[in-house]
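Here is the file data-v5.txt (compact mmCIF, C-alpha atoms).
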# COMPACT_ATOMS: atom_id res chain seq x y z
CA MET J 1 0.00 0.00 0.00
CA LEU J 2 1.15 3.53 -0.76
CA GLU J 3 1.57 5.74 2.26
CA GLN J 4 -0.77 8.70 2.50
CA LEU J 5 0.86 11.69 0.84
CA PRO J 6 0.86 15.00 2.69
CA PHE J 7 -1.01 16.58 -0.22
CA THR J 8 -3.86 15.67 -2.50
CA ALA J 9 -2.72 12.81 -4.73
CA VAL J 10 -2.45 13.60 -8.40
CA THR J 11 -4.25 11.47 -10.96
CA LEU J 12 -1.30 10.78 -13.27
CA HIS J 13 0.69 7.98 -11.63
CA GLY J 14 0.53 4.68 -9.87
CA PRO J 15 -2.44 2.46 -9.00
CA THR J 16 -4.67 5.48 -8.40
CA ALA J 17 -4.07 6.99 -11.86
CA ASP J 18 -7.38 8.09 -13.31
CA ILE J 19 -7.27 6.26 -16.65
CA GLY J 20 -10.48 4.23 -16.54
CA ASP J 21 -10.47 1.45 -19.13
CA LEU J 22 -7.56 2.88 -21.13
CA SER J 23 -5.49 -0.30 -20.83
CA GLU J 24 -8.30 -2.35 -22.37
CA ARG J 25 -8.71 0.16 -25.18
CA VAL J 26 -4.98 0.10 -26.01
CA LEU J 27 -4.82 -3.68 -25.84
CA ARG J 28 -7.78 -3.95 -28.22
CA LEU J 29 -6.20 -1.49 -30.66
CA ILE J 30 -2.91 -3.40 -30.75
CA ASN J 31 -4.64 -6.73 -31.31
CA ASP J 32 -6.88 -5.24 -34.01
CA ARG J 33 -3.86 -3.65 -35.70
CA LEU J 34 -1.95 -6.92 -35.70
CA ALA J 35 -4.94 -8.67 -37.24
CA ASN J 36 -5.60 -6.17 -40.01
CA THR J 37 -3.58 -3.05 -40.88
CA GLU J 38 -5.63 -0.70 -43.04
CA LEU J 39 -3.75 1.72 -45.28
CA GLY J 40 -5.43 4.84 -43.92
CA ARG J 41 -5.57 8.17 -45.69
CA THR J 42 -4.63 11.80 -45.29
CA ILE J 43 -6.91 14.82 -45.43
CA ALA J 44 -6.38 18.54 -45.82
CA PRO J 45 -5.54 20.70 -42.78
CA SER J 46 -8.82 22.54 -43.24
CA ALA J 47 -10.67 19.29 -42.56
CA LEU J 48 -8.38 17.81 -39.91
CA LEU J 49 -7.50 20.72 -37.62
CA PRO J 50 -11.09 21.49 -36.56
CA MET J 51 -11.28 17.94 -35.18
CA LEU J 52 -8.59 18.90 -32.67
CA ASP J 53 -9.98 22.29 -31.69
CA GLY J 54 -10.31 22.61 -27.93
CA ALA J 55 -8.80 19.20 -27.22
CA ILE J 56 -6.28 20.50 -24.67
CA THR J 57 -8.08 21.95 -21.64
CA THR J 58 -7.29 22.85 -18.05
CA GLY J 59 -9.42 20.06 -16.66
CA GLY J 60 -8.86 17.34 -19.25
CA LEU J 61 -11.37 15.50 -21.42
CA GLY J 62 -11.26 12.22 -19.53
CA VAL J 63 -10.33 8.89 -21.07
CA GLU J 64 -13.46 8.34 -23.14
CA ARG J 65 -13.47 11.70 -24.92
CA ALA J 66 -9.69 11.79 -25.25
CA TRP J 67 -9.65 8.33 -26.84
CA GLU J 68 -12.51 9.32 -29.12
CA THR J 69 -10.43 12.28 -30.33
CA PHE J 70 -7.51 9.97 -31.02
CA GLU J 71 -9.72 7.44 -32.84
CA THR J 72 -11.49 10.00 -35.02
CA ALA J 73 -8.82 12.65 -35.69
CA VAL J 74 -5.44 10.96 -35.41
CA ALA J 75 -5.49 7.24 -36.15
CA PRO J 76 -7.54 7.16 -39.38
CA HIS J 77 -5.60 10.07 -40.89
CA THR J 78 -2.14 8.59 -40.45
CA LEU J 79 -0.89 6.25 -43.16
CA ALA J 80 0.07 2.75 -42.10
CA LEU J 81 3.78 2.64 -42.84
CA ASP J 82 3.63 -0.94 -41.53
CA GLY J 83 0.86 -2.12 -43.84
CA PRO J 84 1.07 -4.40 -46.90
CA ARG J 85 -0.31 -1.65 -49.15
CA TYR J 86 2.41 0.88 -48.29
CA LEU J 87 4.70 0.65 -51.33
CA ALA J 88 6.37 4.07 -51.23
CA PHE J 89 9.57 5.45 -49.71
CA ILE J 90 10.91 2.65 -47.46
CA PRO J 91 8.07 0.91 -45.59
CA MET J 92 8.14 -0.99 -42.31
CA SER J 93 6.65 -4.30 -41.26
CA PRO J 94 7.32 -4.87 -37.56
CA ALA J 95 6.83 -8.39 -36.28
CA ALA J 96 4.18 -8.95 -33.64
CA ALA J 97 6.86 -9.89 -31.10
CA ALA J 98 8.68 -6.61 -31.78
CA ILE J 99 5.48 -4.61 -31.33
CA TRP J 100 4.74 -6.16 -27.96
CA MET J 101 8.32 -5.72 -26.74
CA ASP J 102 8.23 -2.11 -27.91
CA ALA J 103 5.19 -1.64 -25.69
CA VAL J 104 7.20 -3.10 -22.82
CA VAL J 105 10.08 -0.71 -23.54
CA GLY J 106 7.68 2.21 -23.38
CA ALA J 107 6.03 0.99 -20.19
CA THR J 108 9.27 0.34 -18.32
CA SER J 109 11.03 3.59 -19.27
CA PHE J 110 14.43 1.93 -19.26
CA SER J 111 17.02 4.70 -19.51
CA ALA J 112 19.61 2.87 -21.54
CA GLU J 113 22.37 5.36 -22.14
CA SER J 114 24.71 3.56 -19.74
CA TRP J 115 25.65 0.18 -18.34
CA MET J 116 25.22 1.55 -14.83
CA GLU J 117 21.53 2.28 -15.39
CA ALA J 118 20.48 -0.56 -17.67
CA ALA J 119 23.04 -3.37 -17.76
CA GLY J 120 20.43 -5.95 -18.76
CA ALA J 121 19.01 -3.91 -21.63
CA VAL J 122 22.44 -2.87 -22.87
CA ALA J 123 23.75 -6.44 -22.76
CA ALA J 124 20.74 -7.67 -24.76
CA GLU J 125 21.15 -4.90 -27.33
CA ASN J 126 24.85 -5.70 -27.63
CA GLN J 127 24.00 -9.32 -28.36
CA ALA J 128 21.80 -8.13 -31.25
CA LEU J 129 24.53 -5.74 -32.41
CA ASP J 130 27.05 -8.54 -32.43
CA TYR J 131 24.75 -10.60 -34.63
CA LEU J 132 24.57 -7.68 -37.08
CA ARG J 133 28.35 -7.28 -36.90
CA GLU J 134 28.81 -10.94 -37.81
CA LEU J 135 26.35 -10.64 -40.70
CA ALA J 136 28.32 -7.69 -42.06
CA GLY J 137 31.63 -9.52 -41.80
CA MET J 138 33.14 -6.92 -39.51
CA PRO J 139 35.87 -8.15 -37.14
CA THR J 140 35.41 -9.34 -33.58
CA GLY J 141 35.53 -6.32 -31.31
CA ALA J 142 33.56 -4.09 -33.65
CA GLY J 143 30.56 -2.60 -31.92
CA GLY J 144 28.40 0.43 -31.40
CA ALA J 145 24.88 1.26 -30.36
CA PHE J 146 21.29 1.49 -31.44
CA CYS J 147 20.01 4.98 -32.21
CA SER J 148 16.76 6.43 -33.49
CA GLY J 149 17.26 6.12 -37.25
CA GLY J 150 19.56 6.15 -40.23
CA SER J 151 19.94 9.94 -40.25
CA ILE J 152 21.36 9.94 -36.70
CA GLY J 153 23.41 6.86 -37.54
CA ASN J 154 24.97 8.50 -40.60
CA LEU J 155 25.63 11.74 -38.73
CA SER J 156 27.24 9.89 -35.82
CA ALA J 157 29.48 7.73 -38.01
CA ILE J 158 30.61 10.51 -40.34
CA ALA J 159 31.43 12.68 -37.31
CA VAL J 160 33.87 10.01 -36.14
CA GLY J 161 35.40 9.82 -39.61
CA ARG J 162 35.83 13.60 -39.59
CA ASP J 163 37.63 13.56 -36.26
CA VAL J 164 39.92 10.71 -37.27
CA ALA J 165 40.84 12.61 -40.46
CA GLY J 166 42.24 15.58 -38.60
CA GLY J 167 41.99 18.70 -40.75
CA ARG J 168 40.75 16.99 -43.90
CA ARG J 169 37.13 17.78 -44.75
CA LEU J 170 36.43 16.33 -48.22
CA VAL J 171 33.81 13.58 -48.39
CA ALA J 172 33.26 11.48 -51.51
CA VAL J 173 29.61 10.60 -52.08
CA ALA J 174 27.66 9.22 -54.99
CA ASP J 175 24.95 11.20 -56.72
CA THR J 176 22.61 8.52 -55.33
CA ALA J 177 23.49 9.05 -51.64
CA HIS J 178 20.68 9.43 -49.12
CA ALA J 179 19.58 12.98 -48.33
CA SER J 180 20.69 12.58 -44.71
CA VAL J 181 24.31 12.31 -45.87
CA ASP J 182 24.21 15.78 -47.43
CA ASN J 183 22.57 17.14 -44.29
CA SER J 184 25.20 15.50 -42.11
CA LEU J 185 28.02 17.08 -44.11
CA ARG J 186 26.44 20.50 -43.77
CA LEU J 187 26.05 20.10 -40.00
CA LEU J 188 29.61 18.79 -39.63
CA GLY J 189 31.24 21.51 -41.74
CA MET J 190 32.41 19.06 -44.42
CA GLU J 191 32.42 19.34 -48.20
CA ALA J 192 30.99 16.84 -50.66
CA LEU J 193 32.81 15.57 -53.72
CA VAL J 194 29.84 14.22 -55.67
CA VAL J 195 30.80 11.31 -57.90
CA PRO J 196 28.37 10.62 -60.77
CA THR J 197 27.14 7.07 -61.23
CA GLY J 198 26.55 5.37 -64.54
CA GLY J 199 23.38 3.93 -65.94
CA ASP J 200 23.34 1.19 -63.30
CA GLY J 201 23.45 3.74 -60.48
CA ARG J 202 26.39 2.00 -58.80
CA PHE J 203 29.15 3.96 -57.05
CA ALA J 204 32.35 2.23 -58.17
CA GLY J 205 35.95 2.36 -57.03
CA GLU J 206 37.14 3.30 -60.51
CA ALA J 207 34.77 6.26 -60.64
CA LEU J 208 35.96 7.44 -57.23
CA SER J 209 39.62 7.26 -58.32
CA ALA J 210 38.84 9.18 -61.50
CA ALA J 211 36.92 11.86 -59.61
CA LEU J 212 39.74 12.31 -57.11
CA ASP J 213 42.30 12.61 -59.91
CA ALA J 214 40.14 15.14 -61.76
CA SER J 215 39.58 17.22 -58.64
CA GLY J 216 43.25 17.42 -57.72
CA ARG J 217 42.18 17.12 -54.08
CA ALA J 218 42.96 13.50 -53.27
CA THR J 219 45.09 14.52 -50.29
CA GLU J 220 42.04 16.24 -48.74
CA LEU J 221 39.88 13.11 -48.75
CA ALA J 222 38.56 12.38 -45.26
CA VAL J 223 35.56 10.06 -45.73
CA VAL J 224 33.99 7.92 -48.44
CA VAL J 225 30.28 7.21 -48.05
CA ALA J 226 28.97 4.11 -49.82
CA SER J 227 25.54 2.52 -49.94
CA ALA J 228 24.61 -1.07 -49.26
CA GLY J 229 21.21 -0.70 -50.85
CA SER J 230 20.45 2.86 -51.94
CA THR J 231 17.12 4.19 -50.77
CA ASN J 232 15.98 5.40 -54.15
CA ALA J 233 16.86 2.37 -56.25
CA GLY J 234 18.02 -0.40 -53.92
CA ILE J 235 21.51 -0.52 -55.42
CA VAL J 236 24.52 -1.94 -53.59
CA ASP J 237 27.67 -0.02 -54.42
CA ASP J 238 31.07 -1.46 -55.29
CA LEU J 239 32.00 -1.85 -51.64
CA ARG J 240 35.23 -3.74 -52.27
CA GLY J 241 36.51 -1.21 -54.79
CA LEU J 242 35.50 1.76 -52.66
CA ALA J 243 37.18 0.24 -49.61
CA ASP J 244 40.42 -0.19 -51.54
CA VAL J 245 40.44 3.41 -52.76
CA ALA J 246 39.38 4.89 -49.41
CA HIS J 247 42.02 3.09 -47.42
CA ALA J 248 44.72 3.77 -50.00
CA HIS J 249 44.07 7.46 -49.24
CA HIS J 250 43.85 6.87 -45.47
CA ALA J 251 40.19 7.87 -45.58
CA TRP J 252 37.32 6.57 -43.48
CA LEU J 253 34.83 4.27 -45.24
CA HIS J 254 31.26 4.59 -44.04
CA VAL J 255 28.59 2.28 -45.46
CA ASP J 256 24.92 3.21 -45.30
CA GLY J 257 23.03 -0.08 -45.26
CA ALA J 258 19.95 1.33 -43.53
CA TYR J 259 17.56 -0.42 -45.91
CA GLY J 260 19.57 -2.96 -47.86
CA GLY J 261 21.66 -4.48 -45.09
CA ALA J 262 18.82 -6.86 -44.26
CA ALA J 263 19.55 -8.80 -47.46
CA LEU J 264 22.69 -10.11 -45.76
CA LEU J 265 20.33 -12.61 -44.16
CA LEU J 266 20.04 -14.34 -47.54
CA ASP J 267 22.91 -16.54 -48.72
CA GLU J 268 21.88 -15.87 -52.31
CA ARG J 269 22.36 -12.10 -51.89
CA ARG J 270 25.51 -11.97 -49.76
CA ALA J 271 27.87 -11.68 -52.74
CA LEU J 272 26.40 -8.23 -53.44
CA PHE J 273 27.98 -7.00 -50.21
CA ASP J 274 31.55 -8.12 -50.83
CA GLY J 275 33.85 -5.65 -49.09
CA LEU J 276 31.37 -4.56 -46.42
CA GLY J 277 33.53 -6.10 -43.74
CA GLU J 278 36.24 -3.56 -44.58
CA ALA J 279 34.07 -0.62 -43.55
CA ASP J 280 35.17 1.63 -40.71
CA SER J 281 31.53 2.27 -39.86
CA TYR J 282 28.24 0.79 -40.98
CA ILE J 283 24.57 1.37 -40.27
CA VAL J 284 21.50 -0.80 -40.73
CA ASP J 285 17.93 -0.05 -39.68
CA PRO J 286 16.14 -3.12 -38.27
CA HIS J 287 12.95 -1.05 -38.39
CA LYS J 288 13.04 -1.20 -42.17
CA TRP J 289 13.51 -4.74 -43.50
CA MET J 290 14.31 -6.63 -40.29
CA PHE J 291 10.80 -6.36 -38.91
CA CYS J 292 11.42 -4.13 -35.91
CA THR J 293 9.44 -1.16 -34.64
CA ALA J 294 10.23 2.43 -35.61
CA GLY J 295 13.25 4.26 -34.25
CA THR J 296 15.81 1.46 -34.47
CA CYS J 297 19.13 1.98 -36.27
CA ALA J 298 22.30 0.05 -35.48
CA VAL J 299 25.55 1.97 -35.94
CA LEU J 300 28.69 -0.19 -35.83
CA TYR J 301 32.36 0.80 -35.79
CA ARG J 302 35.39 -1.29 -36.65
CA GLN J 303 37.22 0.43 -33.77
CA PRO J 304 34.59 1.56 -31.25
CA HIS J 305 37.10 3.40 -29.07
CA LEU J 306 37.45 5.97 -31.87
CA ALA J 307 33.71 6.61 -31.73
CA ALA J 308 33.89 7.08 -27.97
CA LEU J 309 36.50 9.79 -28.45
CA THR J 310 33.97 11.69 -30.56
CA HIS J 311 30.70 10.97 -28.79
CA ARG J 312 31.38 10.43 -25.08
CA GLN J 313 29.81 13.29 -23.16
CA HIS J 314 31.35 14.81 -20.04
CA GLY J 315 29.85 16.77 -17.20
CA PRO J 316 29.83 16.90 -13.41
CA TYR J 317 26.77 14.70 -13.01
CA ILE J 318 27.58 12.09 -15.67
CA GLU J 319 31.24 11.35 -15.01
CA VAL J 320 30.06 8.61 -12.66
CA LEU J 321 28.95 6.67 -15.76
CA HIS J 322 32.55 6.24 -16.87
CA GLY J 323 34.33 3.62 -14.80
CA ALA J 324 38.05 3.37 -14.22
CA ASP J 325 38.31 0.37 -16.55
CA PRO J 326 36.52 1.00 -19.89
CA SER J 327 36.66 -2.73 -20.68
CA ASP J 328 34.18 -3.33 -17.86
CA GLU J 329 31.52 -1.00 -19.24
CA TRP J 330 29.64 -0.34 -22.45
CA ASN J 331 27.71 2.88 -22.56
CA PRO J 332 25.64 3.21 -25.75
CA SER J 333 25.73 6.99 -25.37
CA ASP J 334 29.45 6.85 -26.17
CA TYR J 335 28.82 5.65 -29.72
CA ALA J 336 26.21 7.98 -31.26
CA PHE J 337 24.93 11.52 -30.99
CA GLN J 338 22.67 10.96 -28.03
CA LEU J 339 22.60 10.79 -24.26
CA THR J 340 19.12 9.94 -23.03
CA ARG J 341 17.89 7.02 -25.10
CA ARG J 342 15.36 4.23 -24.98
CA PRO J 343 16.72 0.71 -25.65
CA SER J 344 15.27 0.65 -29.15
CA GLY J 345 17.23 -2.49 -30.00
CA LEU J 346 15.29 -4.63 -27.50
CA PRO J 347 12.32 -5.29 -29.83
CA PHE J 348 14.76 -6.52 -32.50
CA TRP J 349 16.66 -8.65 -29.98
CA PHE J 350 13.42 -10.14 -28.65
CA THR J 351 12.18 -11.00 -32.14
CA LEU J 352 15.45 -12.83 -32.79
CA LEU J 353 14.99 -14.78 -29.57
CA VAL J 354 11.36 -15.66 -30.24
CA HIS J 355 11.61 -16.68 -33.89
CA GLY J 356 15.29 -17.27 -34.69
CA THR J 357 17.30 -15.98 -37.62
CA ASP J 358 15.88 -18.44 -40.17
CA ALA J 359 12.40 -16.97 -39.76
CA LEU J 360 13.72 -13.47 -40.40
CA ALA J 361 15.53 -14.70 -43.50
CA GLU J 362 12.36 -16.26 -44.88
CA ALA J 363 10.45 -13.02 -44.29
CA VAL J 364 13.16 -11.06 -46.13
CA ARG J 365 13.05 -13.61 -48.94
CA ALA J 366 9.28 -13.14 -49.26
CA ALA J 367 9.81 -9.53 -50.32
CA ILE J 368 12.40 -10.61 -52.91
CA THR J 369 9.85 -13.06 -54.33
CA THR J 370 7.13 -10.39 -54.47
CA THR J 371 9.52 -8.02 -56.22
CA SER J 372 10.32 -10.61 -58.89
CA TYR J 373 6.61 -11.14 -59.49
CA ALA J 374 6.01 -7.38 -59.80
CA VAL J 375 8.83 -7.06 -62.35
CA GLN J 376 7.33 -9.87 -64.44
CA GLN J 377 3.91 -8.19 -64.40
CA LEU J 378 5.31 -4.78 -65.26
CA GLU J 379 7.36 -6.15 -68.14
CA SER J 380 4.24 -7.77 -69.59
CA THR J 381 2.28 -4.50 -69.41
CA PRO J 382 2.20 -2.50 -72.67
CA GLY J 383 3.98 0.83 -72.48
CA ILE J 384 5.92 -0.04 -69.33
CA GLU J 385 9.71 -0.27 -69.21
CA VAL J 386 11.53 -1.52 -66.11
CA VAL J 387 14.52 0.80 -65.70
CA LEU J 388 16.78 -1.56 -63.73
CA GLN J 389 16.57 -5.19 -62.78
CA PRO J 390 16.28 -4.95 -58.99
CA GLN J 391 19.15 -6.12 -56.82
CA LEU J 392 16.87 -5.90 -53.80
CA THR J 393 13.20 -4.86 -53.61
CA VAL J 394 12.94 -1.42 -55.24
CA VAL J 395 11.41 -1.38 -58.72
CA LEU J 396 11.89 1.65 -60.98
CA PHE J 397 9.86 1.83 -64.19
CA ARG J 398 8.75 4.19 -66.93
CA LYS J 399 5.42 4.50 -68.70
CA ALA J 400 5.33 5.92 -72.17
CA GLY J 401 3.88 9.43 -72.30
CA TRP J 402 3.66 9.97 -68.54
CA ASN J 403 5.16 13.15 -67.08
CA GLN J 404 5.54 14.28 -63.49
CA ALA J 405 1.95 15.51 -63.23
CA ARG J 406 0.59 12.19 -64.51
CA TRP J 407 2.70 10.18 -62.05
CA GLN J 408 1.53 12.36 -59.18
CA ALA J 409 -2.09 12.00 -60.24
CA TRP J 410 -1.64 8.22 -60.29
CA SER J 411 -0.23 8.31 -56.78
CA ARG J 412 -3.06 10.49 -55.46
CA ASP J 413 -5.73 8.33 -57.05
CA LEU J 414 -4.40 5.10 -55.52
CA LEU J 415 -4.20 6.71 -52.09
CA ASP J 416 -7.65 8.32 -52.30
CA ARG J 417 -9.13 4.92 -53.11
CA GLU J 418 -6.93 3.27 -50.43
CA VAL J 419 -5.58 0.82 -52.98
CA ALA J 420 -1.96 1.55 -52.08
CA PHE J 421 0.42 4.33 -51.19
CA VAL J 422 2.93 4.79 -54.01
CA ALA J 423 5.21 7.69 -54.82
CA PRO J 424 7.09 8.55 -58.03
CA THR J 425 10.75 9.45 -57.95
CA ARG J 426 13.41 10.95 -60.18
CA TRP J 427 16.07 8.89 -61.93
CA LYS J 428 18.77 10.48 -64.07
CA GLY J 429 16.67 13.64 -64.36
CA GLN J 430 13.39 11.96 -65.32
CA THR J 431 10.26 11.40 -63.21
CA ILE J 432 9.42 7.70 -63.14
CA GLY J 433 7.39 5.20 -61.17
CA ARG J 434 8.72 3.46 -58.08
CA LEU J 435 7.43 0.56 -56.00
CA VAL J 436 9.05 -0.87 -52.86
CA PHE J 437 8.25 -4.27 -51.41
CA LEU J 438 9.19 -5.07 -47.81
CA HIS J 439 6.08 -6.41 -46.12
CA PRO J 440 5.78 -10.22 -46.20
CA LEU J 441 1.98 -9.84 -46.42
CA THR J 442 2.02 -7.79 -49.62
CA THR J 443 0.25 -10.32 -51.81
CA THR J 444 0.37 -10.84 -55.54
CA ASP J 445 -3.27 -9.71 -55.58
CA ILE J 446 -2.21 -6.33 -54.24
CA VAL J 447 0.54 -6.15 -56.86
CA ASP J 448 -1.96 -7.00 -59.60
CA GLU J 449 -4.41 -4.39 -58.30
CA VAL J 450 -1.75 -1.66 -58.47
CA ILE J 451 -0.35 -2.63 -61.86
CA ALA J 452 -3.84 -2.85 -63.37
CA THR J 453 -4.12 0.93 -62.88
CA LEU J 454 -1.18 1.39 -65.26
CA ARG J 455 -2.85 -0.36 -68.16
Here is the file; what I need is its structure written in the form of structure tokens.
Amino acid sequence: MLEQLPFTAVTLHGPTADIGDLSERVLRLINDRLANTELGRTIAPSALLPMLDGAITTGGLGVERAWETFETAVAPHTLALDGPRYLAFIPMSPAAAAIWMDAVVGATSFSAESWMEAAGAVAAENQALDYLRELAGMPTGAGGAFCSGGSIGNLSAIAVGRDVAGGRRLVAVADTAHASVDNSLRLLGMEALVVPTGGDGRFAGEALSAALDASGRATELAVVVASAGSTNAGIVDDLRGLADVAHAHHAWLHVDGAYGGAALLLDERRALFDGLGEADSYIVDPHKWMFCTAGTCAVLYRQPHLAALTHRQHGPYIEVLHGADPSDEWNPSDYAFQLTRRPSGLPFWFTLLVHGTDALAEAVRAAITTTSYAVQQLESTPGIEVVLQPQLTVVLFRKAGWNQARWQAWSRDLLDREVAFVAPTRWKGQTIGRLVFLHPLTTTDIVDEVIATLR
């Protein structure tokens, strides 16, 4: 029993919290969502914002009215990134086990920036990180931390590369690099040397060497950023060739595998990633194609102590986190741009424990199979040209006579009718169609339904 407080108890915490049947409502929503994820839709601000007018009050709405506001204004007007009909950008498809463990992580409020505060959570996350390290072929002793997403992962890793490089500030990137890389360079005060890719979109070692020679700035090279599955086209760069050139110039090699790194689970795709094990840093997002919940990026370093030199924070009240013997501790906050953090790797770790790695591989393979089917259907559709044969699960295609406005109209129509969420992209200066397959429950019927609208 709680002792009587010397003031009127608040209604926010503990067994007396005034939340009515909220737990039952949340449990029902999660179970319903796991059973059937609708695509959802978006509406204009003029229609949505009035639904929220007056929602925040001095006295509160109470559980029933507050939940009604959430159910009518928020939930139905937020697209299901984790649904089988979300075929744009890079979707998610979290496993049921990951969703439930994510709920546990939220409920327990583990503060997992340090071993001192959350040894159990950190040790479990490190076990998952070591599995990802082994998949990537990085050496024993490589390690890092989970952070909130690929943008923070790229920023954190490139920052370490900058510091290792001393005064050098030139970063070689492909014209296909993720937008977060450009943003990271701007924030870090670094300069991009943009290397054009050929028709296959692949960043190659030969192209990097040629660009460095043409620039006359090879001695300024600090970092090379490669992709293990580009976001726009799903292309794995020439990792072996880029590693050779980077290290010949004493530059840091960072590999962005946020999306594509999951394909390392498949023996039949591992050859695409030859050279990945030579990276100085590497990221992969389990929340993309490894069936984890949102906000989960693993950043790994070949030599983690170098990352700690960049990212370890110091201050009077946090020095206690740093023991006398660094080998006895592992503080995730030392390895990425963060201090307070939730153990976002626990849902991934728990899914591995529940289902095993073979189950994850089969789920990854399902998306490869769906992609192959979609390519076959597109190639048999008059007026459609598949731009590249997919290495992973992104399909780029043209349709004769369609311009940017027509592609955007197609996208809007499919979303308005809740058939699918698709989004066009640009490739070599031209607006084209793009489909991405990650969800194991994206059926061939859904593929047929989408492609039928192109005929």
Could you jot down the atom CA of J:Trp402 to atom CA of J:Glu385 separation for me, Å, one decimal place? 11.9 Å
Can you work out which one of J:Thr197, J:Thr431, J:Thr293, J:Ser411 has the shortest atom-to-atom distance to J:Gly106, counting all atoms listed in the file?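 Under the stated criterion, the closest residue is J:Thr293.
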With a distance cut-off of 9 Å and all atoms listed in the file, select the neighbouring residues of stretch 273-275 of chain J, excluding the residue or stretch itself and same-chain residues fewer than 4 positions from it, and output the selection as a PDB file with C-alpha atoms, keeping the file's coordinate frame.
ATOM      1  CA  ALA J 136      28.320  -7.690 -42.060  1.00  0.00           C
ATOM      2  CA  GLY J 137      31.630  -9.520 -41.800  1.00  0.00           C
ATOM      3  CA  ALA J 228      24.610  -1.070 -49.260  1.00  0.00           C
ATOM      4  CA  VAL J 236      24.520  -1.940 -53.590  1.00  0.00           C
ATOM      5  CA  ASP J 237      27.670  -0.020 -54.420  1.00  0.00           C
ATOM      6  CA  ASP J 238      31.070  -1.460 -55.290  1.00  0.00           C
ATOM      7  CA  LEU J 239      32.000  -1.850 -51.640  1.00  0.00           C
ATOM      8  CA  ARG J 240      35.230  -3.740 -52.270  1.00  0.00           C
ATOM      9  CA  GLY J 241      36.510  -1.210 -54.790  1.00  0.00           C
ATOM     10  CA  LEU J 242      35.500   1.760 -52.660  1.00  0.00           C
ATOM     11  CA  ALA J 243      37.180   0.240 -49.610  1.00  0.00           C
ATOM     12  CA  ASP J 244      40.420  -0.190 -51.540  1.00  0.00           C
ATOM     13  CA  GLY J 261      21.660  -4.480 -45.090  1.00  0.00           C
ATOM     14  CA  LEU J 264      22.690 -10.110 -45.760  1.00  0.00           C
ATOM     15  CA  ARG J 269      22.360 -12.100 -51.890  1.00  0.00           C
ATOM     16  CA  ALA J 279      34.070  -0.620 -43.550  1.00  0.00           C
TER      17      ALA J 279
END
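Going from atom CA of J:Tyr373 over to atom CA of J:Val447, you cover 8.3 Å.
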Could you build a table of the residues in stretch 45-128 of chain J lying no more than 12 Å from stretch 354-357 of chain J, giving for each the nearest pair of atoms and their separation in Å rounded to one decimal place, using only C-alpha atoms, ordered by chain and ascending residue number, as a Markdown table?
| residue | atom | partner | partner_atom | distance |
| --- | --- | --- | --- | --- |
| J:Ala95 | CA | J:His355 | CA | 9.9 |
| J:Ala96 | CA | J:Val354 | CA | 10.4 |
| J:Ala97 | CA | J:Val354 | CA | 7.4 |
| J:Ala98 | CA | J:Val354 | CA | 9.6 |
| J:Trp100 | CA | J:Val354 | CA | 11.8 |
| J:Met101 | CA | J:Val354 | CA | 11.0 |
| J:Ala128 | CA | J:Thr357 | CA | 11.1 |
At what distance in Å, to one decimal, does atom CA of J:Gly234 lie from atom CA of J:Pro390? 7.0 Å
So which one's closest to J:Glu329, J:Ser114, J:Ser215, J:Thr442, J:Gln303? Using all atoms listed in the file, please.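 Nearest candidate to J:Glu329 out of J:Ser114, J:Ser215, J:Thr442, J:Gln303: J:Ser114.
Checking J:Thr371, J:Gln376, J:Thr176, J:Asn154 one by one against J:Tyr335, counting all atoms listed in the file, you find the shortest gap at J:Asn154.
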Give me the residues within 8 Å of stretch 78-83 of chain J as a list in words, counting all atoms listed in the file and dropping any in the same chain fewer than 5 places off.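 These residues fall inside the cut-off: Thr37, Glu38, Leu39, Gly40, Arg41, Thr42, Pro91, Met92, Ser93, Pro94 and His439 of chain J.
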Edge lengths and centre, in Å to one decimal, as JSON: that's what I need for the box along x, y and z that holds all listed atoms of stretch 142-150 of chain J plus 4 Å on each side.
{"center_x": 25.2, "center_y": 1.2, "center_z": -35.3, "size_x": 24.8, "size_y": 18.5, "size_z": 17.9}
Could you pull out every residue with an atom within 12 Å of (31.2, -12.7, -40.6), file coordinates, counting all atoms listed in the file, and send them as a PyMOL selection string? chain J and resi 130-140+142+264-265+270+273-278
Neighbours of J:Ser148 within 12 Å (all atoms listed in the file; same-chain residues fewer than 2 positions away dropped), as a PyMOL selection string? chain J and resi 145-146+150-156+258+283-287+293-299+336-345
J:Asp200: which residues within 10 Å, counting only C-alpha atoms, same-chain residues fewer than 6 positions away excluded, as a PyMOL selection string? chain J and resi 233+235+237+387-389
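Distance annotation: of J:Leu352, J:Val320, J:Glu68, J:Val255, the residue with the minimal separation from J:Leu129 is J:Leu352; atom set is all atoms listed in the file.
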Measuring between only C-alpha atoms, which one of J:Leu360, J:Leu454, J:Ile19, J:Ile318 shows the shortest distance to J:Gly383? J:Leu454
Within 10 Å of stretch 45-62 of chain J, counting all atoms listed in the file, which residues qualify if same-chain residues fewer than 2 places away don't, as a count of residues only? 16
When distances are computed from only C-alpha atoms, which of J:Thr351, J:Thr219, J:Gln313, J:Thr444 shows the smallest separation from J:Pro332? J:Gln313
